[in-house]
file input-v1.cif (mmCIF, C-alpha atoms)
data_run
#
loop_
_atom_site.label_atom_id
_atom_site.label_comp_id
_atom_site.auth_asym_id
_atom_site.auth_seq_id
_atom_site.Cartn_x
_atom_site.Cartn_y
_atom_site.Cartn_z
CA MET A 11 6.05 26.28 -81.90
CA PRO A 12 9.79 25.99 -82.64
CA GLU A 13 11.15 22.72 -83.98
CA ASN A 14 12.90 21.95 -80.73
CA ASP A 15 9.75 22.47 -78.66
CA ASP A 16 9.51 18.74 -78.11
CA ILE A 17 12.55 18.97 -75.88
CA MET A 18 11.83 22.41 -74.46
CA THR A 19 8.74 21.47 -72.50
CA THR A 20 9.82 22.75 -69.13
CA CYS A 21 8.45 25.84 -67.42
CA SER A 22 9.52 27.59 -64.25
CA ASN A 23 5.88 28.41 -63.42
CA PRO A 24 4.66 25.58 -61.13
CA ASP A 25 1.06 26.15 -62.31
CA CYS A 26 1.87 25.65 -65.99
CA ARG A 27 1.17 22.27 -67.66
CA VAL A 28 2.78 23.02 -70.99
CA ALA A 29 4.26 19.54 -71.19
CA GLU A 30 0.74 18.10 -71.11
CA THR A 31 -1.35 20.71 -72.91
CA GLY A 32 1.19 22.34 -75.24
CA LYS A 33 -0.16 25.75 -74.19
CA CYS A 34 1.12 28.50 -71.92
CA VAL A 35 -1.00 28.85 -68.81
CA GLU A 36 -0.62 32.64 -69.01
CA GLY A 37 -1.55 32.81 -72.71
CA PHE A 38 1.88 33.84 -74.03
CA GLU A 39 3.51 32.62 -77.18
CA PHE A 40 6.42 30.37 -76.29
CA SER A 41 8.88 32.92 -77.63
CA GLU A 42 7.38 35.63 -75.42
CA CYS A 43 6.84 33.61 -72.20
CA PRO A 44 9.46 34.54 -69.57
CA HIS A 45 9.10 31.12 -67.87
CA TYR A 46 9.12 28.75 -70.84
CA GLY A 47 12.16 26.53 -71.22
CA LYS A 48 13.41 27.22 -67.71
CA PRO A 49 13.59 24.64 -64.90
CA LEU A 50 10.76 24.52 -62.40
CA ASP A 51 11.31 27.06 -59.64
CA ILE A 52 10.72 25.42 -56.25
CA ASP A 53 10.98 27.94 -53.45
CA ASP A 54 11.67 26.06 -50.23
CA GLY A 55 13.30 28.94 -48.47
CA ASP A 56 10.38 29.37 -46.07
CA GLU A 57 10.50 25.72 -45.08
CA ASP A 58 14.21 25.98 -44.45
CA GLU A 59 13.60 29.02 -42.30
CA GLU A 60 10.88 27.21 -40.37
CA VAL A 61 13.10 24.22 -39.79
CA SER A 62 15.96 26.38 -38.72
CA GLU A 63 13.70 28.30 -36.36
CA GLU A 64 12.46 25.05 -34.83
CA GLU A 65 16.01 23.83 -34.45
CA GLU A 66 16.92 27.03 -32.68
CA LYS A 67 14.09 26.60 -30.14
CA PRO A 68 15.30 25.04 -26.90
CA GLN A 69 13.96 21.52 -26.43
CA SER A 70 12.02 21.25 -23.16
CA PRO A 71 12.83 18.08 -21.19
CA ASN A 72 10.07 15.49 -20.74
CA ILE A 73 8.56 15.35 -17.26
CA ARG A 74 7.47 12.00 -15.89
CA LEU A 75 4.56 12.47 -13.51
CA PRO A 76 4.23 10.06 -10.59
CA GLY A 77 1.44 7.51 -10.73
CA ALA A 78 -1.45 7.52 -8.28
CA ASP A 79 -2.60 3.91 -8.44
CA LEU A 80 -2.29 1.27 -5.73
CA LEU A 81 1.20 0.80 -4.31
CA VAL A 82 3.13 -2.41 -4.86
CA PRO A 83 5.02 -3.82 -1.85
CA ALA A 84 8.30 -2.22 -2.98
CA ASP A 85 6.70 1.24 -3.02
CA ALA A 86 5.10 0.64 0.37
CA SER A 87 8.51 -0.33 1.76
CA LYS A 88 9.87 3.07 0.73
CA LEU A 89 7.24 4.72 2.92
CA LEU A 90 8.38 2.62 5.87
CA ARG A 91 11.87 4.04 5.52
CA ALA A 92 10.69 7.61 4.98
CA GLY A 93 8.97 8.32 8.30
CA LYS A 94 6.25 7.29 10.73
CA VAL A 95 3.92 4.69 9.27
CA ARG A 96 0.93 2.66 10.42
CA VAL A 97 0.43 -0.48 8.34
CA ILE A 98 -3.03 -2.01 8.61
CA ALA A 99 -3.97 -5.49 7.42
CA ILE A 100 -7.70 -5.83 6.76
CA ILE A 101 -8.73 -9.49 6.67
CA GLY A 102 -12.08 -10.80 5.59
CA PRO A 103 -13.82 -13.18 3.19
CA ALA A 104 -15.17 -11.93 -0.13
CA ASP A 105 -18.09 -9.47 0.14
CA SER A 106 -17.44 -8.82 3.83
CA GLY A 107 -17.13 -5.06 3.17
CA LYS A 108 -13.37 -4.46 3.00
CA THR A 109 -13.41 -2.27 -0.11
CA SER A 110 -16.43 -0.32 1.15
CA LEU A 111 -14.63 0.31 4.44
CA ILE A 112 -11.56 1.75 2.70
CA ALA A 113 -13.68 3.84 0.32
CA SER A 114 -15.80 5.28 3.13
CA LEU A 115 -12.69 6.41 5.02
CA TYR A 116 -11.51 8.33 1.96
CA ASP A 117 -14.96 9.88 1.51
CA LEU A 118 -15.06 10.99 5.14
CA PHE A 119 -11.83 12.93 4.65
CA GLN A 120 -13.52 14.77 1.76
CA GLU A 121 -15.79 16.38 4.36
CA GLY A 122 -13.11 17.31 6.90
CA PRO A 123 -11.04 15.88 9.76
CA VAL A 124 -11.83 12.38 11.01
CA SER A 125 -11.31 11.69 14.71
CA GLY A 126 -9.32 14.93 14.86
CA THR A 127 -6.97 13.70 12.14
CA GLU A 128 -6.60 15.72 8.94
CA TYR A 129 -5.90 14.57 5.42
CA ALA A 130 -2.56 15.83 4.06
CA ARG A 131 -1.98 13.99 0.78
CA SER A 132 -2.13 10.59 -0.89
CA LEU A 133 -0.01 8.64 -3.34
CA THR A 134 -3.02 6.57 -4.42
CA LEU A 135 -5.66 9.17 -5.30
CA HIS A 136 -6.61 7.52 -8.59
CA ALA A 137 -7.11 4.19 -6.84
CA PHE A 138 -9.33 5.81 -4.20
CA GLU A 139 -11.41 7.64 -6.81
CA ARG A 140 -11.86 4.50 -8.89
CA THR A 141 -12.94 2.57 -5.80
CA CYS A 142 -15.43 5.23 -4.69
CA HIS A 143 -16.95 5.99 -8.09
CA ASP A 144 -19.67 3.32 -8.14
CA ALA A 145 -20.82 4.36 -4.67
CA ARG A 146 -21.47 7.95 -5.77
CA ALA A 147 -24.40 9.58 -7.53
CA ALA A 148 -22.14 10.42 -10.50
CA SER A 149 -22.03 6.72 -11.39
CA ARG A 150 -25.83 6.79 -11.98
CA ARG A 151 -26.19 3.40 -10.34
CA CYS A 152 -29.47 2.50 -8.70
CA GLU A 153 -27.62 1.27 -5.60
CA PRO A 154 -24.15 2.19 -4.34
CA ASP A 155 -21.57 -0.48 -5.01
CA THR A 156 -17.83 -1.10 -4.79
CA GLY A 157 -15.91 -3.53 -6.94
CA ARG A 158 -14.12 -6.61 -5.71
CA THR A 159 -10.39 -6.71 -5.15
CA PRO A 160 -8.79 -8.87 -7.87
CA ARG A 161 -6.68 -11.86 -6.90
CA GLY A 162 -2.92 -11.49 -7.02
CA GLU A 163 -0.13 -9.80 -5.13
CA VAL A 164 -1.19 -7.54 -2.29
CA ARG A 165 -1.49 -3.83 -3.05
CA PHE A 166 -1.70 -0.85 -0.70
CA PHE A 167 -3.74 2.33 -0.32
CA HIS A 168 -1.94 5.34 1.15
CA LEU A 169 -3.13 8.32 3.20
CA GLN A 170 -0.75 10.86 4.71
CA LEU A 171 -2.41 12.21 7.86
CA ARG A 172 -1.56 14.85 10.42
CA GLY A 173 -2.94 16.36 13.60
CA SER A 174 -4.25 14.73 16.77
CA VAL A 175 -2.61 11.31 17.26
CA ALA A 176 -0.88 11.67 13.86
CA GLY A 177 1.15 14.63 15.13
CA GLU A 178 3.32 16.21 12.44
CA GLY A 179 2.52 13.41 10.05
CA VAL A 180 1.88 9.67 9.83
CA ALA A 181 1.46 7.58 6.69
CA LEU A 182 -1.51 5.23 6.91
CA VAL A 183 -0.94 2.22 4.64
CA LEU A 184 -3.92 -0.09 4.12
CA GLY A 185 -3.35 -3.56 2.71
CA ASP A 186 -5.67 -4.62 -0.10
CA ARG A 187 -5.79 -8.33 -0.86
CA ALA A 188 -8.64 -10.37 -2.35
CA GLY A 189 -10.94 -11.83 0.28
CA GLU A 190 -10.90 -15.18 -1.52
CA GLU A 191 -7.21 -15.55 -0.68
CA TYR A 192 -7.81 -14.99 3.03
CA ARG A 193 -10.65 -17.49 2.91
CA SER A 194 -8.38 -20.02 1.17
CA ALA A 195 -5.95 -19.79 4.08
CA ALA A 196 -8.63 -21.28 6.32
CA ASP A 197 -8.47 -24.46 4.21
CA ASP A 198 -4.74 -24.36 3.51
CA PRO A 199 -2.85 -22.56 6.31
CA SER A 200 0.43 -22.63 4.36
CA ILE A 201 -0.96 -19.87 2.13
CA ALA A 202 -0.85 -17.48 5.10
CA ALA A 203 2.95 -17.53 5.05
CA GLU A 204 2.79 -15.32 1.93
CA PHE A 205 0.71 -12.61 3.61
CA SER A 206 3.47 -10.02 4.00
CA GLU A 207 1.01 -7.27 4.91
CA ILE A 208 0.08 -9.16 8.09
CA LYS A 209 3.69 -9.69 9.14
CA ARG A 210 4.42 -5.97 8.94
CA ALA A 211 1.06 -4.72 10.22
CA ASP A 212 0.83 -2.56 13.32
CA ALA A 213 -2.82 -3.55 13.64
CA ILE A 214 -4.96 -6.27 12.10
CA SER A 215 -8.67 -5.83 11.45
CA ILE A 216 -10.76 -8.88 10.72
CA LEU A 217 -14.18 -8.21 9.23
CA VAL A 218 -17.34 -10.01 10.30
CA ASP A 219 -20.08 -9.79 7.68
CA GLY A 220 -23.21 -8.60 9.49
CA GLU A 221 -25.45 -9.55 6.59
CA ARG A 222 -24.31 -13.17 6.79
CA LEU A 223 -24.85 -13.18 10.55
CA LEU A 224 -28.52 -12.47 9.81
CA ASP A 225 -28.70 -15.49 7.49
CA SER A 226 -29.84 -18.55 9.43
CA GLY A 227 -27.94 -20.85 7.10
CA ALA A 228 -24.66 -18.90 7.03
CA ARG A 229 -24.30 -17.50 10.55
CA HIS A 230 -22.44 -20.51 11.94
CA ASN A 231 -20.07 -20.61 8.96
CA VAL A 232 -19.14 -16.98 9.60
CA ARG A 233 -17.91 -17.73 13.09
CA SER A 234 -15.92 -20.79 12.03
CA GLU A 235 -14.33 -18.99 9.05
CA ILE A 236 -13.10 -16.12 11.22
CA ALA A 237 -11.56 -18.46 13.78
CA MET A 238 -9.93 -20.62 11.09
CA MET A 239 -8.45 -17.64 9.23
CA LEU A 240 -6.92 -16.30 12.43
CA GLN A 241 -5.66 -19.74 13.36
CA ALA A 242 -3.95 -20.01 9.96
CA VAL A 243 -2.06 -16.71 10.20
CA VAL A 244 -1.01 -17.47 13.78
CA GLU A 245 0.21 -20.99 13.04
CA GLU A 246 2.20 -19.87 9.99
CA GLY A 247 4.00 -17.17 11.97
CA ALA A 248 2.44 -14.25 10.11
CA VAL A 249 1.33 -12.59 13.37
CA GLN A 250 4.11 -10.73 15.16
CA ASN A 251 4.61 -9.86 18.80
CA GLY A 252 2.85 -6.66 19.86
CA GLN A 253 0.24 -6.53 17.11
CA ARG A 254 -3.29 -5.43 17.99
CA LEU A 255 -6.48 -6.99 16.68
CA SER A 256 -9.84 -5.40 15.97
CA LEU A 257 -12.95 -7.46 15.33
CA VAL A 258 -15.09 -5.31 13.00
CA LEU A 259 -18.78 -5.96 12.48
CA THR A 260 -19.71 -4.63 9.02
CA LYS A 261 -23.15 -3.72 7.59
CA ASP A 262 -24.46 -2.85 11.02
CA ASP A 263 -27.30 -0.88 9.40
CA LEU A 264 -28.85 -4.15 8.22
CA ILE A 265 -28.59 -5.65 11.70
CA GLN A 266 -30.31 -2.66 13.30
CA GLU A 267 -33.21 -2.92 10.83
CA SER A 268 -33.60 -6.70 10.95
CA PRO A 269 -35.97 -8.60 13.27
CA HIS A 270 -33.07 -11.02 13.79
CA GLY A 271 -30.72 -8.24 14.86
CA SER A 272 -30.57 -9.26 18.51
CA ARG A 273 -29.57 -12.79 17.51
CA ALA A 274 -26.80 -11.43 15.27
CA GLU A 275 -25.58 -9.20 18.10
CA THR A 276 -25.40 -12.22 20.39
CA ASP A 277 -23.47 -14.20 17.78
CA PHE A 278 -21.01 -11.35 17.40
CA SER A 279 -20.47 -11.10 21.16
CA ASN A 280 -19.96 -14.86 21.39
CA LEU A 281 -17.44 -14.68 18.55
CA LEU A 282 -15.51 -11.98 20.40
CA SER A 283 -15.38 -14.16 23.52
CA GLU A 284 -14.20 -17.11 21.44
CA ILE A 285 -11.45 -15.07 19.76
CA GLN A 286 -10.29 -13.68 23.09
CA GLY A 287 -10.12 -17.17 24.52
CA LEU A 288 -8.17 -18.59 21.57
CA PHE A 289 -5.85 -15.69 20.78
CA GLY A 290 -5.84 -13.46 23.85
CA ALA A 291 -2.21 -14.35 24.56
CA VAL A 292 -1.17 -13.73 20.94
CA PHE A 293 -2.34 -10.14 20.51
CA SER A 294 -1.53 -7.26 22.82
CA GLU A 295 -5.12 -5.98 22.51
CA ILE A 296 -8.41 -7.19 21.04
CA LYS A 297 -11.26 -4.70 20.52
CA LEU A 298 -14.59 -4.82 18.72
CA PHE A 299 -16.11 -2.20 16.41
CA ARG A 300 -19.42 -1.82 14.59
CA THR A 301 -19.47 -0.09 11.22
CA ALA A 302 -21.81 0.80 8.38
CA ALA A 303 -19.38 1.90 5.70
CA SER A 304 -21.91 1.99 2.86
CA PRO A 305 -25.40 1.73 4.39
CA LYS A 306 -28.22 0.30 2.32
CA THR A 307 -30.84 1.64 4.71
CA GLY A 308 -31.56 5.18 5.79
CA ASN A 309 -30.99 4.66 9.50
CA MET A 310 -27.23 5.34 9.39
CA HIS A 311 -24.85 7.71 7.64
CA ARG A 312 -22.08 6.56 5.32
CA GLY A 313 -18.97 5.71 7.30
CA THR A 314 -20.71 5.13 10.63
CA GLY A 315 -18.20 3.69 13.10
CA VAL A 316 -15.22 4.26 10.79
CA PRO A 317 -13.78 7.23 12.77
CA ASP A 318 -13.49 5.06 15.90
CA LEU A 319 -11.75 2.37 13.89
CA LEU A 320 -9.34 4.94 12.44
CA ALA A 321 -8.42 6.09 15.95
CA PHE A 322 -7.59 2.46 16.79
CA TRP A 323 -5.45 2.12 13.67
CA MET A 324 -3.45 5.23 14.47
CA GLU A 325 -2.31 3.97 17.86
CA PRO A 326 1.23 2.55 17.89
CA ALA A 327 1.84 -1.14 18.35
CA CYS A 328 2.93 -2.26 21.79
CA PRO A 329 4.61 -5.45 23.03
CA ALA A 330 2.27 -8.25 23.98
CA PRO A 331 2.00 -8.82 27.72
CA THR A 332 4.10 -11.68 29.05
CA ALA A 333 3.56 -13.52 32.29
CA PRO A 334 6.33 -12.92 34.85
CA ARG A 335 8.59 -15.91 35.31
CA ALA A 336 9.34 -17.01 38.84
CA LYS A 337 13.03 -17.29 39.59
CA PRO A 338 14.19 -20.50 41.25
CA ALA A 339 14.92 -20.29 44.96
CA HIS A 340 18.32 -21.56 46.09
CA ASP A 341 20.16 -21.33 49.36
CA ARG A 342 23.51 -20.42 47.84
CA ALA A 343 23.90 -17.02 46.13
CA PHE A 344 25.93 -18.54 43.30
CA ALA A 345 23.09 -20.93 42.45
CA ARG A 346 20.67 -18.03 42.11
CA LEU A 347 22.65 -16.51 39.22
CA LEU A 348 21.10 -16.86 35.75
CA PRO A 349 22.75 -16.87 32.32
CA LEU A 350 22.63 -13.48 30.59
CA ASP A 351 20.30 -14.59 27.80
CA GLU A 352 17.86 -16.15 30.26
CA GLU A 353 17.97 -13.21 32.67
CA ASN A 354 17.28 -10.70 29.88
CA GLY A 355 14.76 -12.89 28.13
#
call {"tool": "encode", "arguments": {"input": "input-v1.cif", "output": "structure tokens"}}
result
Amino acid sequence: MPENDDIMTTCSNPDCRVAETGKCVEGFEFSECPHYGKPLDIDDGDEDEEVSEEEEKPQSPNIRLPGADLLVPADASKLLRAGKVRVIAIIGPADSGKTSLIASLYDLFQEGPVSGTEYARSLTLHAFERTCHDARAASRRCEPDTGRTPRGEVRFFHLQLRGSVAGEGVALVLGDRAGEEYRSAADDPSIAAEFSEIKRADAISILVDGERLLDSGARHNVRSEIAMMLQAVVEEGAVQNGQRLSLVLTKDDLIQESPHGSRAETDFSNLLSEIQGLFGAVFSEIKLFRTAASPKTGNMHRGTGVPDLLAFWMEPACPAPTAPRAKPAHDRAFARLLPLDEENG
């Protein structure tokens, strides 16, 4: 090795470790090696070419896909401005069957038209699928189930429908609020002032839990809760002129199978008479429906009674009937004139 080998320990061959081993990796003498004493040759030309090629590729813009979860009130308001809409407020205590009712309607549209109305699209498909999952065989549950609505601000399901009463297209917007909040309004009516879905609703459906009507200890509480919840929303001004009310008996399959079914039917009829007597002048129409959205017995199909309820929801709101006011009788024609606001009122 030459005397200056201690400073000539570089090699242009990247595989050579002459600085560590003192030997040429290719077996040459130092004087014969074509790489010895030259700086390491790092060929990064390919990388530069790759980078330059990537830089030359056009950058595709990011696409933000719309969500498909429940709508917040602001999103629901956009639908109101976009076209024909039916807003439905579904009121009921916890476990009265509200979520099952909404899920069964979505499932019925999977099979075809419902009450002559066809499914067109939905902005809340993920929310519907999540709600329906535990009621399907794919969930591998022993019994069908639907989760509870969490407390908090009201959310909305959306179905765009067409055909029959929907015509060229109507957006069906279903309010989804926790049943515990509606029940709390029976104890504290001031809470009802925050129920924006009721104020804007074209129709209100209040659910009567058929399973609780069969319970000897709970049947009387059911009737009082329904009346108190309605009283709260009426007193707080949440109910608007022209809204229609449906009294919906849920879990009718259990009533039909129970030996106490006739008693529950009587209680439901009495409740309807009570509601008509208390609020007949408030709502333009009050109708009753019987449903079995998610039957636990084999005597009814899933969604029994839901098509009739959908037909009710799709009808437009109409002004509540008002009693004609007798005009005062006066001898003089001038005295029979009324102020403009009173005459048109």
call {"tool": "closest_residue", "arguments": {"input": "input-v1.cif", "among": "A:Glu204, A:Asp277, A:Glu325, A:Glu267", "to": "Thr307 of chain A", "atoms": "only C-alpha atoms"}}
result
A:Glu267
call {"tool": "closest_atom_pairs", "arguments": {"input": "input-v1.cif", "of": "segment 98-151 of chain A", "to": "segment 211-224 of chain A", "cutoff": "6 Å", "atoms": "only C-alpha atoms", "output": "Markdown table"}}
result
| residue | atom | partner | partner_atom | distance |
| --- | --- | --- | --- | --- |
| A:Ile98 | CA | A:Ala211 | CA | 5.2 |
| A:Ala99 | CA | A:Ile214 | CA | 4.8 |
| A:Ile100 | CA | A:Ser215 | CA | 4.8 |
| A:Ile101 | CA | A:Ile216 | CA | 4.6 |
| A:Gly102 | CA | A:Leu217 | CA | 4.9 |
| A:Ser106 | CA | A:Asp219 | CA | 4.8 |
call {"tool": "resolve_selection", "arguments": {"input": "input-v1.cif", "expression": "the PyMOL selection byres ((chain A and resi 172-185) around 9)", "output": "NGL selection string"}}
result
:A and (86 or 89-90 or 93-101 or 112 or 123 or 125-130 or 132 or 164-171 or 186-187 or 207-208 or 211 or 321 or 323-325)
call {"tool": "resolve_selection", "arguments": {"input": "input-v1.cif", "expression": "the PyMOL selection byres ((chain A and resi 293) around 9)", "output": "count of residues only"}}
result
17
call {"tool": "atom_distance", "arguments": {"input": "input-v1.cif", "atom1": "atom CA of Ser279 of chain A", "atom2": "atom CA of Val316 of chain A"}}
result
19.3 Å
call {"tool": "closest_residue", "arguments": {"input": "input-v1.cif", "among": "A:Pro49, A:Pro199, A:Pro317, A:Gly247", "to": "Gly122 of chain A", "atoms": "only C-alpha atoms"}}
result
A:Pro317
call {"tool": "atom_distance", "arguments": {"input": "input-v1.cif", "atom1": "atom CA of Ala303 of chain A", "atom2": "atom CA of Asp263 of chain A"}}
result
9.2 Å
call {"tool": "decode", "arguments": {"input": "input-v1.cif", "residues": "segment 178-219 of chain A", "atoms": "C-alpha atoms", "output": "PDB file, in the first residue's frame"}}
result
ATOM      1  CA  GLU A 178     -93.299  15.030  -8.881  1.00  0.00           C
ATOM      2  CA  GLY A 179     -91.529  14.955  -5.550  1.00  0.00           C
ATOM      3  CA  VAL A 180     -91.970  15.691  -1.850  1.00  0.00           C
ATOM      4  CA  ALA A 181     -89.305  15.604   0.850  1.00  0.00           C
ATOM      5  CA  LEU A 182     -90.459  13.751   3.954  1.00  0.00           C
ATOM      6  CA  VAL A 183     -88.553  15.034   6.998  1.00  0.00           C
ATOM      7  CA  LEU A 184     -88.995  13.052  10.218  1.00  0.00           C
ATOM      8  CA  GLY A 185     -87.986  14.630  13.515  1.00  0.00           C
ATOM      9  CA  ASP A 186     -85.891  12.459  15.823  1.00  0.00           C
ATOM     10  CA  ARG A 187     -85.692  13.588  19.442  1.00  0.00           C
ATOM     11  CA  ALA A 188     -85.124  11.488  22.563  1.00  0.00           C
ATOM     12  CA  GLY A 189     -88.352  10.286  24.143  1.00  0.00           C
ATOM     13  CA  GLU A 190     -87.062  11.268  27.579  1.00  0.00           C
ATOM     14  CA  GLU A 191     -87.154  14.922  26.525  1.00  0.00           C
ATOM     15  CA  TYR A 192     -90.792  14.713  25.457  1.00  0.00           C
ATOM     16  CA  ARG A 193     -91.612  12.993  28.730  1.00  0.00           C
ATOM     17  CA  SER A 194     -89.800  15.738  30.665  1.00  0.00           C
ATOM     18  CA  ALA A 195     -92.082  18.319  29.057  1.00  0.00           C
ATOM     19  CA  ALA A 196     -95.019  16.726  30.865  1.00  0.00           C
ATOM     20  CA  ASP A 197     -93.379  17.711  34.172  1.00  0.00           C
ATOM     21  CA  ASP A 198     -91.899  21.011  32.989  1.00  0.00           C
ATOM     22  CA  PRO A 199     -93.971  22.502  30.133  1.00  0.00           C
ATOM     23  CA  SER A 200     -91.412  25.267  29.506  1.00  0.00           C
ATOM     24  CA  ILE A 201     -89.164  22.655  27.872  1.00  0.00           C
ATOM     25  CA  ALA A 202     -91.687  22.324  25.032  1.00  0.00           C
ATOM     26  CA  ALA A 203     -90.846  25.837  23.836  1.00  0.00           C
ATOM     27  CA  GLU A 204     -87.557  24.423  22.486  1.00  0.00           C
ATOM     28  CA  PHE A 205     -89.249  21.774  20.329  1.00  0.00           C
ATOM     29  CA  SER A 206     -88.688  23.438  16.953  1.00  0.00           C
ATOM     30  CA  GLU A 207     -89.714  20.308  15.046  1.00  0.00           C
ATOM     31  CA  ILE A 208     -93.246  20.608  16.455  1.00  0.00           C
ATOM     32  CA  LYS A 209     -93.581  24.274  15.538  1.00  0.00           C
ATOM     33  CA  ARG A 210     -92.720  23.568  11.905  1.00  0.00           C
ATOM     34  CA  ALA A 211     -94.491  20.210  11.605  1.00  0.00           C
ATOM     35  CA  ASP A 212     -97.247  19.674   9.065  1.00  0.00           C
ATOM     36  CA  ALA A 213     -98.458  16.719  11.120  1.00  0.00           C
ATOM     37  CA  ILE A 214     -97.787  15.510  14.651  1.00  0.00           C
ATOM     38  CA  SER A 215     -97.867  11.838  15.596  1.00  0.00           C
ATOM     39  CA  ILE A 216     -98.021  10.919  19.251  1.00  0.00           C
ATOM     40  CA  LEU A 217     -97.200   7.307  20.066  1.00  0.00           C
ATOM     41  CA  VAL A 218     -99.142   5.207  22.550  1.00  0.00           C
ATOM     42  CA  ASP A 219     -97.151   2.219  23.786  1.00  0.00           C
TER      43      ASP A 219
END
